[in-house]
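Participant: Sharing a structure with you now.
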Amino acid sequence: MRIATWNVNGLRARFDFIRHWLRARQPDIVGLQELKVAEDKFPYAELEAEGYHALVHSAKAWNGVAILSRDPGQVRQLGLPGQHEMGPRLISASLGGVVFMTIYCPNGKHLEHEDFGRKLEWLDALGDYLEDKHSPDEAIVLCGDFNICPTGLDTWDEEQLEGNIFHAEEERSRFRHLLDWGFSDTYRQLFPERQMFSW
């Protein structure tokens with residue numbers, strides 16, 4: 001099974017690239033983030049012509065997440081409980097024995113901005129949701145745009161940026177909480193020492 005994730009930063013603006021990428025890479029399941037398109041404007045038919053079913057949780061102009069899959073899936077969750085004011089940022093589905101979840105974590109802007117606190121609350125709500133509704137024994141894929149550099153290997157200049165937005169300990173500790181709960185950072189499993197910027 002080939003699984004992929006992509007923050008498209010505007011589905012309509014990049015749809016030709018997305019279609020090309022799907023044809024070239026042939027993923028079985030895809031998590032998309034930052035769609036910036038209303039659900040009634042989502043290109044369901046065009047994606048079906050490429051061989052993909054789509055499950056969508058989105059809104060006009062901002063945020064939005066979707067799951068594309070070769071086989072039809074069943075939605076399990078749209079948005080995080082108690083976090084609906086933050087917009088459509090999570091969708092999960094059952095797909096062939098796997099729970100597939102894609103997220104678009106709030107950016108946070110900067111450490112003094114009120115949105116930083118909201119980002120931390122959203123990450124806490126994600127952890128609470130997983131503990132309440134799932135088990136680490138399940139087959140779960142969690143992918144998306146976390147807007148976090150988990151370690152110094154995940155940033156281009158840790159010495160300069162440590163403690164700033166995306167690099168703050170408050171964010172990193174919440175990412176570690178997800179790993180402690182039972183997830184593995186698949187990139188770091190494959191490349192434990194490579195400096196790359198996956199976010």
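Ligands are numbered from 1 in the order shown, chains are lettered A, B, ... in the order of the structure tokens, and residues start at 1 in each chain.
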Go through segment 78-169 of chain A and flag each residue having an atom no more than 12 Å from segment 2-14 of chain A; for those, report the closest pair of atoms plus their distance in Å to one decimal, using only C-alpha atoms, ordered by chain and rising number, as a tab-separated table.

Facilitator:
residue	atom	partner	partner_atom	distance
A:Arg89	CA	A:Asn7	CA	11.8
A:Leu95	CA	A:Ile3	CA	11.7
A:Val98	CA	A:Ile3	CA	11.5
A:Phe100	CA	A:Ile3	CA	9.7
A:Met101	CA	A:Thr5	CA	10.4
A:Thr102	CA	A:Thr5	CA	8.0
A:Ile103	CA	A:Asn7	CA	9.7
A:Tyr104	CA	A:Asn7	CA	8.2
A:Cys105	CA	A:Asn7	CA	11.0
A:Val141	CA	A:Ile3	CA	9.0
A:Leu142	CA	A:Thr5	CA	9.8
A:Cys143	CA	A:Thr5	CA	6.5
A:Gly144	CA	A:Thr5	CA	6.1
A:Asp145	CA	A:Asn7	CA	6.5
A:Phe146	CA	A:Asn7	CA	10.2
A:Asn147	CA	A:Asn7	CA	10.7

Participant: Write out as a ChimeraX atom specification the residues lying within 9 Å of segment 126-138 of chain A, counting only C-alpha atoms and excluding same-chain residues fewer than 4 positions away.

Facilitator: /A:80-81,98-99,121-122,174,177-178,181-183

Participant: Quick one: residues within 12 Å of Gly97 of chain A, only C-alpha atoms, excluding same-chain residues fewer than 4 positions away - as a list in words?

Facilitator: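 What passes the distance filter is Asp71, Gly73, Gln74, Ala93, Glu138, Ala139, Ile140 and Val141 of chain A.
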
Participant: From a backbone DSSP assignment, name each residue in segment 10-199 of chain A labelled alpha helix (DSSP H), as a CSV table (one decimal) with C-alpha atoms, in the first residue's frame.

Facilitator:
chain,number,residue,atom,x,y,z
A,15,PHE,CA,-5.2,20.8,-9.3
A,16,ASP,CA,-3.3,20.2,-12.6
A,17,PHE,CA,-0.2,19.4,-10.5
A,18,ILE,CA,-2.2,17.1,-8.2
A,19,ARG,CA,-3.6,15.2,-11.2
A,20,HIS,CA,-0.2,14.9,-12.7
A,21,TRP,CA,1.3,13.7,-9.4
A,22,LEU,CA,-1.5,11.1,-8.9
A,23,ARG,CA,-0.9,9.7,-12.3
A,24,ALA,CA,2.9,9.6,-11.8
A,25,ARG,CA,3.0,8.3,-8.2
A,44,TYR,CA,-15.1,14.9,-6.9
A,45,ALA,CA,-15.9,13.9,-10.5
A,46,GLU,CA,-12.5,14.8,-11.8
A,47,LEU,CA,-10.8,12.8,-9.1
A,48,GLU,CA,-13.1,9.9,-9.7
A,49,ALA,CA,-12.1,9.9,-13.3
A,114,GLU,CA,-3.3,34.4,20.9
A,115,ASP,CA,-3.3,31.8,18.1
A,116,PHE,CA,-0.3,30.1,19.6
A,117,GLY,CA,-2.3,29.2,22.7
A,118,ARG,CA,-5.1,28.0,20.4
A,119,LYS,CA,-2.6,25.8,18.5
A,120,LEU,CA,-1.5,24.2,21.8
A,121,GLU,CA,-5.1,23.7,22.8
A,122,TRP,CA,-5.8,22.1,19.4
A,123,LEU,CA,-2.8,19.7,19.8
A,124,ASP,CA,-4.0,18.8,23.3
A,125,ALA,CA,-7.5,18.1,21.9
A,126,LEU,CA,-5.9,15.8,19.3
A,127,GLY,CA,-4.1,13.9,22.0
A,128,ASP,CA,-7.4,13.7,24.1
A,129,TYR,CA,-9.3,12.5,21.0
A,130,LEU,CA,-6.8,9.7,20.3
A,131,GLU,CA,-6.9,8.5,24.0
A,132,ASP,CA,-10.7,8.6,24.1
A,133,LYS,CA,-11.5,7.1,20.8
A,158,GLU,CA,18.2,24.9,15.0
A,159,GLU,CA,20.7,27.3,16.7
A,160,GLN,CA,19.0,30.3,15.3
A,161,LEU,CA,15.4,29.1,15.5
A,169,GLU,CA,9.2,23.3,23.5
A,170,GLU,CA,5.5,23.7,24.0
A,171,GLU,CA,4.9,22.4,20.5
A,172,ARG,CA,7.6,19.8,20.5
A,173,SER,CA,6.4,18.3,23.7
A,174,ARG,CA,3.0,17.8,22.2
A,175,PHE,CA,4.5,16.1,19.2
A,176,ARG,CA,6.4,13.8,21.5
A,177,HIS,CA,3.2,13.0,23.3
A,178,LEU,CA,1.8,11.6,20.1
A,179,LEU,CA,4.9,9.4,19.7
A,180,ASP,CA,4.7,8.3,23.4
A,181,TRP,CA,1.0,7.4,22.8
A,186,THR,CA,8.1,7.0,9.8
A,187,TYR,CA,10.5,9.5,8.2
A,188,ARG,CA,12.9,9.3,11.2
A,189,GLN,CA,12.6,5.5,11.2
A,190,LEU,CA,14.0,5.5,7.6

Participant: Skipping near chain neighbours, those fewer than 6 positions away, what residues fall within 8 Å of Val65 of chain A using only C-alpha atoms, listed as a list in words?

Facilitator: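 Non-adjacent residues within range: Gly31, Leu32, Gln33, Glu34, Leu35, Val56, His57, Ser58, Pro88, Arg89, Leu90, Ile91, Thr102, Ile103 and Tyr104 of chain A.
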
Participant: Using Å and a single decimal, report how far atom CA of Gln77 of chain A sits from atom CA of Ser92 of chain A.

Facilitator: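 Separation of atom CA of Ser92 of chain A and atom CA of Gln77 of chain A: 5.1 Å.
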
Participant: What residues in segment 4-199 of chain A get the DSSP label strand (DSSP E or B)? Please answer as a PyMOL selection string.

Facilitator: chain A and resi 4-7+29-33+53-57+65-69+74-78+90-95+98-104+140-145
